[in-house]
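The structure appears below as structure tokens.
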Amino acid sequence: MKRFVKITLSLFFVIILLITSTGIGLWYLWSSNLPYVGSLKDYNPPIITEILADDGQIIGQFWDERRILVPLDEISEHIINAFTAAEDARFFQHRGIDFLSILRALFKNIKARRIEQGGSTITQQVIKSLLLKNPARTYKRKVREALLALQIEREFSKEKILYLYLNQIYLGHGLYGVEAASRIYFGKKARELNVAESALLAGLARAPSKDSPIKHFGRAKLRQRYVLERMKTEGFINDKQFEEVLRAKLDIQPNKERYPQRAPYFLEYVRQTIERKYGRHPLYRGGLKIYTTVNLSMQTAAQNAIQKGLEELERREGFRGPIGRVFFDQEDGYYREIIERVKKNPLEIGAITEGIVTKVDSRKKETLVRIGDKKGMLPLSGMKWARMVDPETAYFESKLADPADVLAPGDIIMVKVVGKAKDFPGWILSLEQSPETQAALVCLEAKTGYVKAMVGGLDFSKSQFNRAIQARRQPGSAFKPIIYAAALDKVFTPSSVIIDTPIISPTGEEEKLWKPKNYKEKFYGPTLFRTGLVKSRNIITIKILEKIGVRYAIDYATRMGIGSPLSANLSLALGSSGTSLVELTRAYSVFANGGMLVEPIFITKIVDRNGKSLEENQPSFTEAISQETAYVMTDLLKAAVKEGTGWRVRALRRPVAGKTGTTDDLRDAWFLGFDPTLVTGVWLGYDDRRPMGKGETGSRAASPIWLYFMREVLKEKPIIPFQHPKGVVVTKIDAKTGLLASPFSKETYFQAFKKGTEPTTFSPKPDRGKPGQFFSLDMDYSSK
């Protein structure tokens, strides 16, 4: 018996020894190579990069993890109570491990014969997220978690651990931390959340995708109820508050800040610039603050001006016809589709949507349209513009008198809601058409080069191609001011006389004959230099370029900021070489800035997450041309507005200067103009370079967009005149001879000259027997 006891005790001790040594071995093995908890002192997680407008408003954000770091004192107490109640009620009592929770979870795991619960504390959840990122649920991992939890609780305060937890936690839809989630779900900062909102947020901690308040609101409410019950149990709210909070309405605002689109082309250009310069990591993970020059009200004005200008052009271009047709066996499906769209975006005045023509009444001159389950009536007055265009002549057919000429039952059309009908159970509509033309606008602040607005196309969501920067289109006559400025610095003055007569010139490698013509295919004989620019005469500009030399003109254009390759032939005079809208607008800024070329600035400052400045951009100027030449050109371009093709922008009723541009076959329309404060350029055309409709010149198509924009951004701003430099004199000259005005002059102009180049003789009495006596040479370049 004694021997049996001895053997049993020995065996027992051996087993205990084996268990103990095995436990110690496993403990040692599992606890070795633990992550260094001190790394949490330098907690620098990926955070959002913000792009700000000139007034500090956020216009865009870039991120890999959408997180905004906030200190604990900027987080609502309700959020702290909700998360601790739901996730770790004894957080402020335990030392990193809650043994009661572990035992409870252990019994459940044994009963289920698998690991179902972990009993993790908030401290352990921080470890899972930041130190042990392997999601495997094993006992080895739990041991390592426990060891790290004990270390963290020794190293850090509860407040620090809670700070890490509430900024690190994933809460669905790419949102990390309570601040980013608060802003997206509720449109508020974390410190502003009430109990109901805080409980909903805390409820997302376990399964943020499954319980998303955006996609699964019912499940989110069930989780909110669970959190509120835990808060009641822990004494954070009482029974009455529980009932009140549970009934509180939740205003979920998922799109409040998710995809800012207030300046999309500008924003994308900034994004590309930063990524090219600093790389992707700082942009998407570094929490940069990028301060830009864009002004949101000006940007809105630019987008509205382009929208309006393109819609007007579409109506002049004519109705292209319905966007589709449905047949009886397809109608139900189409209606269901439109019904769903209308449910998502309820009809209201000003809304544009698709509809299907159900009846065309030629007698009443009206068309009935169905929009899903809604009815609409399209009167003839709402579609008068829908004249069809003859494709052979490009002329409009006769004025629309019968809606049946262009519409039929089953046609799918775009309509705009105009208002409620008085004697009809539905909406009054107007016929709409999505523009196929594109446009771009750039506005520079003259004295700084700050880009205040940039629109690269009609709709960024449909085309991200930035026509303000990336497109190279022929500027046509908008390039002429550069040629004229170059000529003023060589042998010409505003009163020089050039003969407008046909010219024939070889061009290209095959030396084909080039026979340029003026826009209206007329020749005007003796013409003042001034008139050549004001009236945009092609022949005059070509002869000027021939006189000063093509190479000289190209070098001059380069000094004025034109970086695109330029053709070294006489067609350069007519703007045959493609340029971008930004560089041409910059070139015009030389005239507005007294000869100084300004560097366009999109970004004023970039700071990192710690507030350290990475770069600052100050206005930068280089002298391109003389102050006197710049003012004389400004004076000539003011005349182009008052007397020439830019006449539409006179409606601004301010001192402005500018020039239209139109290319062959009406493929491109431009207007570049400026006042003393802003330089704005507009381009318009088709992406596939097909011609626009008859008469769609820079004057008709582009200058109205410029006017709409400038009228809006300059309203209530003081009227500022152009500054007159000392080296310029203003002289009254004869409109025909370019000499000083005399009693014999029938038409005169006040014209600016560089001092010393103004005419000194008076225009004589015309000799009717010797017409053209003042133009004895084919090209008289003198000013005397």
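Chain identifiers are assigned as A, B, and so on, following the order in which chains appear in the structure tokens; residues are numbered from 1 within each chain, and ligands are numbered from 1 in order of appearance.
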
- Message: Quick check for you: according to DSSP on this backbone, which residues of region 498-672 of chain A are classed as strand (DSSP E)? Reply as a count of residues only.
- Response: 39

- Find the spatial neighbours of region 430-445 of chain A, counting only C-alpha atoms, within a cut-off of 6 Å - ignore same-chain residues fewer than 4 positions away - and output them as a VMD selection string. chain A and resid 314 378 382 to 383 414 to 416 449 to 458 467 to 468 678 to 686

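Proximity to Ile469 (chain A) was assessed for A:Gly419, A:Gly426, A:Pro600, A:Pro565 counting only C-alpha atoms; the smallest distance is recorded for A:Pro600.
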
Which residues come within 9 Å of region 355-360 of chain A, counting only C-alpha atoms, excluding same-chain residues fewer than 6 positions away, as an mmCIF file with N, CA and C atoms, in the first residue's frame?
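So the final result, stored in part.cif, reads:
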data_model
loop_
_atom_site.group_PDB
_atom_site.id
_atom_site.type_symbol
_atom_site.label_atom_id
_atom_site.label_comp_id
_atom_site.auth_asym_id
_atom_site.auth_seq_id
_atom_site.Cartn_x
_atom_site.Cartn_y
_atom_site.Cartn_z
ATOM 1 N N ARG A 325 -36.208 55.235 -77.601
ATOM 2 C CA ARG A 325 -37.622 54.916 -77.789
ATOM 3 C C ARG A 325 -37.958 53.664 -76.998
ATOM 4 N N VAL A 326 -39.225 53.574 -76.589
ATOM 5 C CA VAL A 326 -39.715 52.349 -75.972
ATOM 6 C C VAL A 326 -40.926 51.863 -76.752
ATOM 7 N N GLU A 331 -42.509 49.204 -71.959
ATOM 8 C CA GLU A 331 -42.914 50.369 -71.172
ATOM 9 C C GLU A 331 -42.903 50.099 -69.675
ATOM 10 N N TYR A 334 -39.499 50.236 -68.269
ATOM 11 C CA TYR A 334 -38.967 51.603 -68.288
ATOM 12 C C TYR A 334 -39.604 52.428 -67.176
ATOM 13 N N TYR A 335 -40.940 52.311 -67.033
ATOM 14 C CA TYR A 335 -41.624 53.071 -65.997
ATOM 15 C C TYR A 335 -41.107 52.716 -64.609
ATOM 16 N N ILE A 338 -37.850 54.446 -64.023
ATOM 17 C CA ILE A 338 -37.996 55.881 -63.769
ATOM 18 C C ILE A 338 -38.661 56.125 -62.417
ATOM 19 N N GLU A 366 -49.649 70.564 -77.803
ATOM 20 C CA GLU A 366 -49.031 70.140 -76.548
ATOM 21 C C GLU A 366 -48.718 68.651 -76.588
ATOM 22 N N THR A 367 -47.790 68.261 -75.711
ATOM 23 C CA THR A 367 -47.319 66.878 -75.650
ATOM 24 C C THR A 367 -47.456 66.378 -74.220
ATOM 25 N N LEU A 368 -48.034 65.191 -74.072
ATOM 26 C CA LEU A 368 -48.152 64.591 -72.747
ATOM 27 C C LEU A 368 -46.952 63.675 -72.506
ATOM 28 N N VAL A 369 -46.402 63.793 -71.321
ATOM 29 C CA VAL A 369 -45.182 63.058 -70.975
ATOM 30 C C VAL A 369 -45.393 62.367 -69.636
ATOM 31 N N ARG A 370 -44.930 61.142 -69.553
ATOM 32 C CA ARG A 370 -45.008 60.412 -68.299
ATOM 33 C C ARG A 370 -43.608 60.241 -67.731
ATOM 34 N N ILE A 371 -43.454 60.589 -66.449
ATOM 35 C CA ILE A 371 -42.174 60.445 -65.757
ATOM 36 C C ILE A 371 -42.395 59.442 -64.633
ATOM 37 N N GLY A 372 -42.135 58.171 -64.919
ATOM 38 C CA GLY A 372 -42.443 57.136 -63.948
ATOM 39 C C GLY A 372 -43.935 57.077 -63.731
ATOM 40 N N GLY A 376 -46.864 64.769 -66.928
ATOM 41 C CA GLY A 376 -46.393 66.098 -67.267
ATOM 42 C C GLY A 376 -46.952 66.536 -68.608
ATOM 43 N N PRO A 403 -45.715 70.140 -82.546
ATOM 44 C CA PRO A 403 -44.816 69.239 -81.810
ATOM 45 C C PRO A 403 -44.655 67.880 -82.484
ATOM 46 N N ALA A 404 -45.630 67.489 -83.291
ATOM 47 C CA ALA A 404 -45.541 66.200 -83.981
ATOM 48 C C ALA A 404 -44.430 66.175 -85.018
ATOM 49 N N LEU A 407 -41.602 65.042 -82.278
ATOM 50 C CA LEU A 407 -41.846 64.052 -81.234
ATOM 51 C C LEU A 407 -42.971 63.098 -81.635
ATOM 52 N N ALA A 408 -42.922 61.898 -81.070
ATOM 53 C CA ALA A 408 -43.953 60.895 -81.307
ATOM 54 C C ALA A 408 -44.102 60.044 -80.050
ATOM 55 N N PRO A 409 -45.269 59.431 -79.848
ATOM 56 C CA PRO A 409 -45.438 58.554 -78.676
ATOM 57 C C PRO A 409 -44.369 57.470 -78.636
ATOM 58 N N GLY A 410 -43.833 57.245 -77.444
ATOM 59 C CA GLY A 410 -42.767 56.270 -77.270
ATOM 60 C C GLY A 410 -41.386 56.888 -77.213
ATOM 61 N N ASP A 411 -41.269 58.164 -77.607
ATOM 62 C CA ASP A 411 -39.967 58.844 -77.553
ATOM 63 C C ASP A 411 -39.546 59.075 -76.098
ATOM 64 N N ILE A 412 -38.296 58.779 -75.820
ATOM 65 C CA ILE A 412 -37.715 59.120 -74.509
ATOM 66 C C ILE A 412 -36.992 60.452 -74.669
ATOM 67 N N ILE A 413 -37.338 61.421 -73.845
ATOM 68 C CA ILE A 413 -36.780 62.766 -73.958
ATOM 69 C C ILE A 413 -36.334 63.267 -72.595
ATOM 70 N N MET A 414 -35.490 64.294 -72.595
ATOM 71 C CA MET A 414 -35.109 64.982 -71.369
ATOM 72 C C MET A 414 -36.053 66.162 -71.168
ATOM 73 N N VAL A 415 -36.578 66.298 -69.971
ATOM 74 C CA VAL A 415 -37.499 67.399 -69.674
ATOM 75 C C VAL A 415 -37.091 68.079 -68.376
#

Please produce, as CSV, a per-residue contact table for region 615-681 of chain A versus region 481-487 of chain A (criterion: any atom at most 12 Å away, only C-alpha atoms considered), showing the nearest atom pair and its distance in Å to one decimal, sorted by chain then residue number.
residue,atom,partner,partner_atom,distance
A:Ala624,CA,A:Ala486,CA,10.9
A:Ile625,CA,A:Ala485,CA,8.5
A:Ser626,CA,A:Ala485,CA,10.0
A:Gln627,CA,A:Ala485,CA,11.4
A:Glu628,CA,A:Ala485,CA,10.5
A:Thr629,CA,A:Ala485,CA,6.7
A:Ala630,CA,A:Ala485,CA,7.6
A:Tyr631,CA,A:Ala485,CA,10.1
A:Val632,CA,A:Ala485,CA,8.6
A:Met633,CA,A:Ala485,CA,6.4
A:Thr634,CA,A:Pro481,CA,9.5
A:Asp635,CA,A:Pro481,CA,11.5
A:Leu636,CA,A:Pro481,CA,9.0
A:Leu637,CA,A:Pro481,CA,8.1
A:Lys638,CA,A:Pro481,CA,11.8
A:Ala640,CA,A:Pro481,CA,10.6
A:Ala657,CA,A:Pro481,CA,11.2
A:Gly658,CA,A:Pro481,CA,9.3
A:Lys659,CA,A:Pro481,CA,7.8
A:Thr660,CA,A:Pro481,CA,10.2
A:Gly661,CA,A:Pro481,CA,10.6
A:Leu672,CA,A:Pro481,CA,10.3
A:Gly673,CA,A:Pro481,CA,11.3

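With only C-alpha atoms as the atoms that count, the residue of A:Gly318, A:Pro526, A:Gly476, A:Gln125 with the shortest distance to Gly693 (chain A) is A:Gly318.
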
- Between A:Gln303, A:Ser745, A:Gln470, A:Thr541, which has the minimum distance to Thr501 (chain A) (counting only C-alpha atoms)? A:Thr541

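CA of Ala592 (chain A) lies 15.9 Å from CA of Ala557 (chain A).
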